[in-house]
>>> print(open('target-v9.pdb').read())   # PDB, C-alpha atoms
ATOM      1  CA  CYS M   1     -20.622  13.589  -1.484
ATOM      2  CA  VAL M   2     -22.274  10.852   0.508
ATOM      3  CA  MET M   3     -24.663  11.956   3.231
ATOM      4  CA  ARG M   4     -23.772  10.165   6.431
ATOM      5  CA  PRO M   5     -25.676  10.047   9.689
ATOM      6  CA  HIS M   6     -24.260  12.093  12.540
ATOM      7  CA  LEU M   7     -21.729   9.989  14.431
ATOM      8  CA  GLU M   8     -20.794  10.725  18.018
ATOM      9  CA  ASN M   9     -17.647   8.593  17.880
ATOM     10  CA  ALA M  10     -14.908  10.920  16.608
ATOM     11  CA  VAL M  11     -12.682   8.075  15.425
ATOM     12  CA  LEU M  12     -15.502   6.522  13.411
ATOM     13  CA  ARG M  13     -16.361   9.964  11.980
ATOM     14  CA  LEU M  14     -12.713  10.414  10.933
ATOM     15  CA  HIS M  15     -12.736   6.960   9.344
ATOM     16  CA  GLU M  16     -15.853   7.823   7.323
ATOM     17  CA  GLU M  17     -14.345  11.166   6.249
ATOM     18  CA  LEU M  18     -11.145   9.439   5.124
ATOM     19  CA  LEU M  19     -13.194   7.007   3.030
ATOM     20  CA  ASP M  20     -15.049   9.942   1.463
ATOM     21  CA  PHE M  21     -11.780  11.763   0.802
ATOM     22  CA  PHE M  22     -10.326   8.669  -0.870
ATOM     23  CA  GLN M  23     -13.337   8.430  -3.182
ATOM     24  CA  PHE M  24     -13.064  12.135  -3.986
ATOM     25  CA  MET M  25      -9.314  11.969  -4.772
ATOM     26  CA  LYS M  26      -9.077   8.711  -6.724
ATOM     27  CA  HIS M  27      -8.601   8.839 -10.482
ATOM     28  CA  THR M  28     -11.581   8.422 -12.753
ATOM     29  CA  ASN M  29     -11.326   6.129 -15.764
ATOM     30  CA  GLU M  30     -10.988   9.272 -17.907
ATOM     31  CA  ASP M  31      -8.036  10.462 -15.775
ATOM     32  CA  ILE M  32      -6.319   7.113 -16.175
ATOM     33  CA  GLN M  33      -6.891   7.000 -19.927
ATOM     34  CA  ALA M  34      -5.579  10.566 -20.331
ATOM     35  CA  ARG M  35      -2.388   9.677 -18.453
ATOM     36  CA  ARG M  36      -1.912   6.519 -20.492
ATOM     37  CA  GLN M  37      -2.364   8.516 -23.709
ATOM     38  CA  TRP M  38       0.193  11.077 -22.508
ATOM     39  CA  VAL M  39       2.674   8.260 -21.871
ATOM     40  CA  ARG M  40       1.964   6.858 -25.378
ATOM     41  CA  THR M  41       2.675  10.312 -26.829
ATOM     42  CA  ILE M  42       6.031  10.473 -25.040
ATOM     43  CA  ALA M  43       6.798   6.886 -26.050
ATOM     44  CA  SER M  44       6.013   7.616 -29.689
ATOM     45  CA  ALA M  45       8.333  10.614 -29.715
ATOM     46  CA  ALA M  46      11.121   8.645 -28.021
ATOM     47  CA  ARG M  47      10.776   5.598 -30.271
ATOM     48  CA  SER M  48      10.802   7.747 -33.391
ATOM     49  CA  MET M  49      14.346   8.765 -32.439
ATOM     50  CA  TRP M  50      15.511   5.637 -30.581
ATOM     51  CA  PRO M  51      13.493   2.618 -31.799
ATOM     52  CA  GLN M  52      15.193   0.249 -29.349
ATOM     53  CA  CYS M  53      14.454   2.298 -26.225
ATOM     54  CA  GLU M  54      12.240   0.998 -23.440
ATOM     55  CA  ILE M  55       9.557   3.154 -21.846
ATOM     56  CA  ARG M  56       8.515   2.451 -18.250
ATOM     57  CA  VAL M  57       6.168   4.340 -15.976
ATOM     58  CA  PHE M  58       7.224   4.535 -12.330
ATOM     59  CA  GLY M  59       6.432   6.659  -9.312
ATOM     60  CA  SER M  60       3.058   7.423  -7.773
ATOM     61  CA  PHE M  61       0.967   6.792 -10.894
ATOM     62  CA  ALA M  62       2.565   3.364 -11.371
ATOM     63  CA  THR M  63       1.839   2.465  -7.748
ATOM     64  CA  GLY M  64      -1.714   3.788  -7.757
ATOM     65  CA  LEU M  65      -0.889   6.401  -5.118
ATOM     66  CA  SER M  66      -0.932   9.520  -7.281
ATOM     67  CA  LEU M  67      -3.187  12.492  -6.757
ATOM     68  CA  PRO M  68      -5.403  13.883  -9.533
ATOM     69  CA  ASN M  69      -3.077  16.846 -10.089
ATOM     70  CA  GLY M  70       0.091  14.712  -9.987
ATOM     71  CA  ASP M  71       2.529  14.187 -12.814
ATOM     72  CA  VAL M  72       3.516  10.942 -14.524
ATOM     73  CA  ASP M  73       7.084   9.692 -14.051
ATOM     74  CA  VAL M  74       8.558   8.065 -17.151
ATOM     75  CA  ALA M  75      11.914   6.315 -17.525
ATOM     76  CA  LEU M  76      13.450   5.882 -20.973
ATOM     77  CA  THR M  77      16.155   3.223 -20.983
ATOM     78  CA  ASP M  78      18.466   1.894 -23.714
ATOM     79  CA  VAL M  79      18.822   5.399 -25.137
ATOM     80  CA  PRO M  80      22.118   5.483 -27.079
ATOM     81  CA  CYS M  81      23.289   8.943 -26.011
ATOM     82  CA  THR M  82      24.011  10.857 -22.833
ATOM     83  CA  PRO M  83      21.028  11.929 -20.723
ATOM     84  CA  PRO M  84      21.573  15.688 -21.307
ATOM     85  CA  THR M  85      21.741  15.175 -25.079
ATOM     86  CA  ALA M  86      18.733  12.844 -25.068
ATOM     87  CA  MET M  87      16.655  15.244 -22.963
ATOM     88  CA  LYS M  88      17.352  18.097 -25.384
ATOM     89  CA  MET M  89      16.573  15.881 -28.377
ATOM     90  CA  LEU M  90      13.290  14.700 -26.836
ATOM     91  CA  ALA M  91      12.266  18.234 -25.873
ATOM     92  CA  ASP M  92      13.077  19.614 -29.348
ATOM     93  CA  HIS M  93      11.270  16.760 -31.063
ATOM     94  CA  MET M  94       8.120  17.120 -28.973
ATOM     95  CA  LEU M  95       8.139  20.911 -29.407
ATOM     96  CA  GLU M  96       8.417  20.518 -33.179
ATOM     97  CA  ARG M  97       5.448  18.141 -33.148
ATOM     98  CA  GLY M  98       3.390  20.567 -31.035
ATOM     99  CA  GLU M  99       2.977  18.024 -28.234
ATOM    100  CA  VAL M 100       4.195  20.142 -25.320
ATOM    101  CA  SER M 101       3.040  23.520 -24.061
ATOM    102  CA  TRP M 102       5.864  23.923 -21.540
ATOM    103  CA  LEU M 103       9.101  22.182 -20.665
ATOM    104  CA  GLU M 104      12.074  22.482 -18.388
ATOM    105  CA  ILE M 105      15.329  20.548 -18.517
ATOM    106  CA  ILE M 106      17.055  20.158 -15.161
ATOM    107  CA  GLU M 107      20.525  18.742 -15.792
ATOM    108  CA  SER M 108      21.896  19.682 -12.368
ATOM    109  CA  ALA M 109      19.455  17.535 -10.363
ATOM    110  CA  LYS M 110      20.691  14.374  -8.638
ATOM    111  CA  VAL M 111      18.712  12.569 -11.334
ATOM    112  CA  PRO M 112      18.616  14.813 -14.436
ATOM    113  CA  VAL M 113      15.044  15.225 -15.658
ATOM    114  CA  VAL M 114      13.046  16.850 -18.423
ATOM    115  CA  LYS M 115       9.703  18.171 -17.206
ATOM    116  CA  LEU M 116       6.989  18.289 -19.860
ATOM    117  CA  ARG M 117       3.408  19.564 -20.014
ATOM    118  CA  SER M 118       1.055  18.098 -22.607
ATOM    119  CA  GLN M 119      -0.348  20.526 -25.146
ATOM    120  CA  ALA M 120      -3.399  18.277 -25.592
ATOM    121  CA  CYS M 121      -4.516  17.782 -21.997
ATOM    122  CA  GLY M 122      -2.274  19.802 -19.680
ATOM    123  CA  LEU M 123      -0.903  16.767 -17.839
ATOM    124  CA  ARG M 124       2.705  16.894 -16.703
ATOM    125  CA  ALA M 125       5.452  14.296 -16.948
ATOM    126  CA  ASP M 126       8.944  13.965 -15.521
ATOM    127  CA  VAL M 127      11.123  11.999 -17.929
ATOM    128  CA  VAL M 128      14.464  10.488 -16.927
ATOM    129  CA  ILE M 129      16.934   8.940 -19.341
ATOM    130  CA  ASN M 130      18.880   5.710 -18.688
ATOM    131  CA  ARG M 131      18.070   5.847 -14.942
ATOM    132  CA  PRO M 132      15.919   2.801 -14.148
ATOM    133  CA  ASP M 133      16.301   3.033 -10.339
ATOM    134  CA  GLY M 134      12.764   4.396  -9.846
ATOM    135  CA  ILE M 135      11.278   1.352 -11.550
ATOM    136  CA  GLY M 136      12.563  -0.961  -8.807
ATOM    137  CA  THR M 137      11.309   1.364  -6.088
ATOM    138  CA  SER M 138       7.835   1.429  -7.641
ATOM    139  CA  LYS M 139       7.835  -2.355  -7.830
ATOM    140  CA  PHE M 140       8.768  -2.511  -4.119
ATOM    141  CA  VAL M 141       5.933  -0.116  -3.204
ATOM    142  CA  ARG M 142       3.397  -2.152  -5.231
ATOM    143  CA  GLU M 143       4.511  -5.297  -3.380
ATOM    144  CA  GLN M 144       4.150  -3.530  -0.026
ATOM    145  CA  LEU M 145       0.648  -2.381  -0.987
ATOM    146  CA  LYS M 146      -0.340  -6.026  -1.454
ATOM    147  CA  HIS M 147       0.738  -6.713   2.137
ATOM    148  CA  PHE M 148      -0.558  -3.432   3.570
ATOM    149  CA  PRO M 149      -3.548  -2.349   1.430
ATOM    150  CA  GLN M 150      -4.509   0.334   3.940
ATOM    151  CA  MET M 151      -1.537   2.378   2.704
TER     152      MET M 151
END
>>> encode(input="target-v9.pdb", output="structure tokens")
Amino acid sequence: CVMRPHLENAVLRLHEELLDFFQFMKHTNEDIQARRQWVRTIASAARSMWPQCEIRVFGSFATGLSLPNGDVDVALTDVPCTPPTAMKMLADHMLERGEVSWLEIIESAKVPVVKLRSQACGLRADVVINRPDGIGTSKFVREQLKHFPQM
């Protein structure tokens, strides 16, 4: 917490509070490294079953807009089976390896997803199979952030 002088101007006070809030909410280097390690764990499990698959992070973490308690969105592409089958295979494999403490497979969602929680650090991930649409959206948001950094 940064001690600030009393400001009479309410708009300036709000501005200063928003800057403080941003500093409070942004990821530390340790947070970032933990998320990257969690993605490597998922990637390792996926590649052990499907060596040719591609692993891409998308969503708020990829754009730099995630909150400290947010999950990591991961897209696995070039997986040679149906998404429901692949999600079950990934979940079983990661359970067998002791890498997840909790999981949920949601096949009925508009975009089927397997939700995972890391046994090692408690971070969560939403993994989608052969659905790269979120990658393009994240790229668009990153481009917009270059033009509008105040976002």
>>> resolve_selection(input="target-v9.pdb", expression="the PyMOL selection byres ((chain M and resi 35) around 12)", output="PDB file with C-alpha atoms, in the coordinates of the input")
ATOM      1  CA  HIS M  27      -8.601   8.839 -10.482  1.00  0.00           C
ATOM      2  CA  THR M  28     -11.581   8.422 -12.753  1.00  0.00           C
ATOM      3  CA  ASN M  29     -11.326   6.129 -15.764  1.00  0.00           C
ATOM      4  CA  GLU M  30     -10.988   9.272 -17.907  1.00  0.00           C
ATOM      5  CA  ASP M  31      -8.036  10.462 -15.775  1.00  0.00           C
ATOM      6  CA  ILE M  32      -6.319   7.113 -16.175  1.00  0.00           C
ATOM      7  CA  GLN M  33      -6.891   7.000 -19.927  1.00  0.00           C
ATOM      8  CA  ALA M  34      -5.579  10.566 -20.331  1.00  0.00           C
ATOM      9  CA  ARG M  36      -1.912   6.519 -20.492  1.00  0.00           C
ATOM     10  CA  GLN M  37      -2.364   8.516 -23.709  1.00  0.00           C
ATOM     11  CA  TRP M  38       0.193  11.077 -22.508  1.00  0.00           C
ATOM     12  CA  VAL M  39       2.674   8.260 -21.871  1.00  0.00           C
ATOM     13  CA  ARG M  40       1.964   6.858 -25.378  1.00  0.00           C
ATOM     14  CA  THR M  41       2.675  10.312 -26.829  1.00  0.00           C
ATOM     15  CA  ILE M  42       6.031  10.473 -25.040  1.00  0.00           C
ATOM     16  CA  VAL M  57       6.168   4.340 -15.976  1.00  0.00           C
ATOM     17  CA  PHE M  61       0.967   6.792 -10.894  1.00  0.00           C
ATOM     18  CA  ALA M  62       2.565   3.364 -11.371  1.00  0.00           C
ATOM     19  CA  SER M  66      -0.932   9.520  -7.281  1.00  0.00           C
ATOM     20  CA  PRO M  68      -5.403  13.883  -9.533  1.00  0.00           C
ATOM     21  CA  ASN M  69      -3.077  16.846 -10.089  1.00  0.00           C
ATOM     22  CA  GLY M  70       0.091  14.712  -9.987  1.00  0.00           C
ATOM     23  CA  ASP M  71       2.529  14.187 -12.814  1.00  0.00           C
ATOM     24  CA  VAL M  72       3.516  10.942 -14.524  1.00  0.00           C
ATOM     25  CA  ASP M  73       7.084   9.692 -14.051  1.00  0.00           C
ATOM     26  CA  VAL M  74       8.558   8.065 -17.151  1.00  0.00           C
ATOM     27  CA  ARG M 117       3.408  19.564 -20.014  1.00  0.00           C
ATOM     28  CA  SER M 118       1.055  18.098 -22.607  1.00  0.00           C
ATOM     29  CA  ALA M 120      -3.399  18.277 -25.592  1.00  0.00           C
ATOM     30  CA  CYS M 121      -4.516  17.782 -21.997  1.00  0.00           C
ATOM     31  CA  GLY M 122      -2.274  19.802 -19.680  1.00  0.00           C
ATOM     32  CA  LEU M 123      -0.903  16.767 -17.839  1.00  0.00           C
ATOM     33  CA  ARG M 124       2.705  16.894 -16.703  1.00  0.00           C
ATOM     34  CA  ALA M 125       5.452  14.296 -16.948  1.00  0.00           C
TER      35      ALA M 125
END
>>> resolve_selection(input="target-v9.pdb", expression="the PyMOL selection byres ((chain M and resi 103) around 6)", output="MDAnalysis selection string")
chainID M and resid 102 104 115:116
>>> atom_distance(input="target-v9.pdb", atom1="CA of Val79 (chain M)", atom2="CA of Lys139 (chain M)")
21.9 Å
>>> residues_around(input="target-v9.pdb", residues="Lys110 (chain M)", least_positions_apart="4", cutoff="12 Å", atoms="all atoms listed in the file", output="list in words")
Ile106, Val128 and Arg131 of chain M
>>> closest_residue(input="target-v9.pdb", among="M:Cys53, M:Val127, M:Ala10, M:Met25", to="Thr77 (chain M)", atoms="all atoms listed in the file")
M:Cys53
>>> closest_atom_pairs(input="target-v9.pdb", of="region 46-128 of chain M", to="region 133-137 of chain M", cutoff="8 Å", atoms="only C-alpha atoms", output="Markdown table")
| residue | atom | partner | partner_atom | distance |
| --- | --- | --- | --- | --- |
| M:Arg56 | CA | M:Ile135 | CA | 7.3 |
| M:Val57 | CA | M:Ile135 | CA | 7.4 |
| M:Phe58 | CA | M:Ile135 | CA | 5.2 |
| M:Gly59 | CA | M:Gly134 | CA | 6.7 |
| M:Ala75 | CA | M:Ile135 | CA | 7.8 |
>>> closest_residue(input="target-v9.pdb", among="M:Thr82, M:Trp50, M:Pro5, M:Ser60", to="Ser138 (chain M)", atoms="all atoms listed in the file")
M:Ser60
>>> closest_residue(input="target-v9.pdb", among="M:Leu145, M:Leu67, M:Ala91, M:Leu76", to="Phe24 (chain M)", atoms="all atoms listed in the file")
M:Leu67
>>> atom_distance(input="target-v9.pdb", atom1="CA of Met89 (chain M)", atom2="CA of Val114 (chain M)")
10.6 Å
>>> closest_residue(input="target-v9.pdb", among="M:Ala45, M:Glu54, M:Pro80, M:Glu143", to="Val100 (chain M)", atoms="only C-alpha atoms")
M:Ala45
>>> atom_distance(input="target-v9.pdb", atom1="CA of Pro83 (chain M)", atom2="CA of Ile129 (chain M)")
5.3 Å
>>> closest_residue(input="target-v9.pdb", among="M:Thr63, M:Ala43, M:Ala109, M:Arg97", to="Gln144 (chain M)", atoms="only C-alpha atoms")
M:Thr63
>>> closest_residue(input="target-v9.pdb", among="M:Cys81, M:Val11, M:Leu65, M:Met94", to="Ala46 (chain M)", atoms="only C-alpha atoms")
M:Met94
>>> build_atoms(input="target-v9.pdb", residues="region 117-128 of chain M", atoms="all heavy atoms", output="mmCIF file, in the frame of the given file")
data_model
loop_
_atom_site.group_PDB
_atom_site.id
_atom_site.type_symbol
_atom_site.label_atom_id
_atom_site.label_comp_id
_atom_site.auth_asym_id
_atom_site.auth_seq_id
_atom_site.Cartn_x
_atom_site.Cartn_y
_atom_site.Cartn_z
ATOM 1 N N ARG M 117 4.858 19.399 -20.188
ATOM 2 C CA ARG M 117 3.408 19.564 -20.014
ATOM 3 C C ARG M 117 2.756 19.330 -21.364
ATOM 4 O O ARG M 117 3.143 19.910 -22.370
ATOM 5 C CB ARG M 117 3.049 20.949 -19.502
ATOM 6 C CG ARG M 117 1.524 21.093 -19.316
ATOM 7 C CD ARG M 117 1.103 22.385 -18.660
ATOM 8 N NE ARG M 117 1.513 22.372 -17.259
ATOM 9 C CZ ARG M 117 2.199 23.375 -16.688
ATOM 10 N NH1 ARG M 117 2.544 24.423 -17.374
ATOM 11 N NH2 ARG M 117 2.527 23.294 -15.420
ATOM 12 N N SER M 118 1.753 18.460 -21.379
ATOM 13 C CA SER M 118 1.055 18.098 -22.607
ATOM 14 C C SER M 118 0.275 19.276 -23.170
ATOM 15 O O SER M 118 -0.481 19.931 -22.450
ATOM 16 C CB SER M 118 0.092 16.939 -22.337
ATOM 17 O OG SER M 118 -0.786 16.755 -23.416
ATOM 18 N N GLN M 119 0.438 19.509 -24.457
ATOM 19 C CA GLN M 119 -0.348 20.526 -25.146
ATOM 20 C C GLN M 119 -1.816 20.086 -25.223
ATOM 21 O O GLN M 119 -2.717 20.893 -25.108
ATOM 22 C CB GLN M 119 0.196 20.746 -26.568
ATOM 23 C CG GLN M 119 -0.550 21.774 -27.388
ATOM 24 C CD GLN M 119 -0.382 23.178 -26.859
ATOM 25 O OE1 GLN M 119 0.707 23.573 -26.452
ATOM 26 N NE2 GLN M 119 -1.455 23.944 -26.853
ATOM 27 N N ALA M 120 -2.044 18.796 -25.383
ATOM 28 C CA ALA M 120 -3.399 18.277 -25.592
ATOM 29 C C ALA M 120 -4.261 18.294 -24.335
ATOM 30 O O ALA M 120 -5.444 18.602 -24.402
ATOM 31 C CB ALA M 120 -3.330 16.856 -26.150
ATOM 32 N N CYS M 121 -3.672 17.947 -23.191
ATOM 33 C CA CYS M 121 -4.516 17.782 -21.997
ATOM 34 C C CYS M 121 -3.993 18.498 -20.757
ATOM 35 O O CYS M 121 -4.660 18.491 -19.732
ATOM 36 C CB CYS M 121 -4.700 16.299 -21.695
ATOM 37 S SG CYS M 121 -3.155 15.462 -21.303
ATOM 38 N N GLY M 122 -2.805 19.068 -20.820
ATOM 39 C CA GLY M 122 -2.274 19.802 -19.680
ATOM 40 C C GLY M 122 -1.597 18.949 -18.624
ATOM 41 O O GLY M 122 -1.082 19.480 -17.642
ATOM 42 N N LEU M 123 -1.586 17.625 -18.812
ATOM 43 C CA LEU M 123 -0.903 16.767 -17.839
ATOM 44 C C LEU M 123 0.596 17.001 -17.894
ATOM 45 O O LEU M 123 1.139 17.387 -18.933
ATOM 46 C CB LEU M 123 -1.207 15.294 -18.121
ATOM 47 C CG LEU M 123 -2.622 14.836 -17.810
ATOM 48 C CD1 LEU M 123 -2.837 13.417 -18.319
ATOM 49 C CD2 LEU M 123 -2.897 14.917 -16.317
ATOM 50 N N ARG M 124 1.262 16.722 -16.783
ATOM 51 C CA ARG M 124 2.705 16.894 -16.703
ATOM 52 C C ARG M 124 3.390 15.535 -16.625
ATOM 53 O O ARG M 124 2.797 14.553 -16.193
ATOM 54 C CB ARG M 124 3.065 17.728 -15.470
ATOM 55 C CG ARG M 124 2.573 19.159 -15.565
ATOM 56 C CD ARG M 124 2.742 19.934 -14.272
ATOM 57 N NE ARG M 124 1.848 19.382 -13.243
ATOM 58 C CZ ARG M 124 2.258 18.876 -12.083
ATOM 59 N NH1 ARG M 124 3.530 18.854 -11.764
ATOM 60 N NH2 ARG M 124 1.389 18.395 -11.216
ATOM 61 N N ALA M 125 4.641 15.514 -17.056
ATOM 62 C CA ALA M 125 5.452 14.296 -16.948
ATOM 63 C C ALA M 125 6.875 14.696 -16.597
ATOM 64 O O ALA M 125 7.374 15.729 -17.049
ATOM 65 C CB ALA M 125 5.443 13.517 -18.263
ATOM 66 N N ASP M 126 7.513 13.863 -15.789
ATOM 67 C CA ASP M 126 8.944 13.965 -15.521
ATOM 68 C C ASP M 126 9.583 12.773 -16.215
ATOM 69 O O ASP M 126 9.239 11.626 -15.919
ATOM 70 C CB ASP M 126 9.235 13.893 -14.019
ATOM 71 C CG ASP M 126 8.851 15.165 -13.281
ATOM 72 O OD1 ASP M 126 8.499 16.162 -13.947
ATOM 73 O OD2 ASP M 126 8.906 15.162 -12.048
ATOM 74 N N VAL M 127 10.498 13.060 -17.146
ATOM 75 C CA VAL M 127 11.123 11.999 -17.929
ATOM 76 C C VAL M 127 12.602 11.929 -17.565
ATOM 77 O O VAL M 127 13.307 12.947 -17.606
ATOM 78 C CB VAL M 127 10.956 12.248 -19.444
ATOM 79 C CG1 VAL M 127 11.601 11.125 -20.249
ATOM 80 C CG2 VAL M 127 9.483 12.395 -19.811
ATOM 81 N N VAL M 128 13.052 10.726 -17.208
ATOM 82 C CA VAL M 128 14.464 10.488 -16.927
ATOM 83 C C VAL M 128 15.014 9.553 -17.996
ATOM 84 O O VAL M 128 14.285 8.735 -18.554
ATOM 85 C CB VAL M 128 14.693 9.925 -15.505
ATOM 86 C CG1 VAL M 128 14.229 10.919 -14.452
ATOM 87 C CG2 VAL M 128 14.015 8.589 -15.322
#
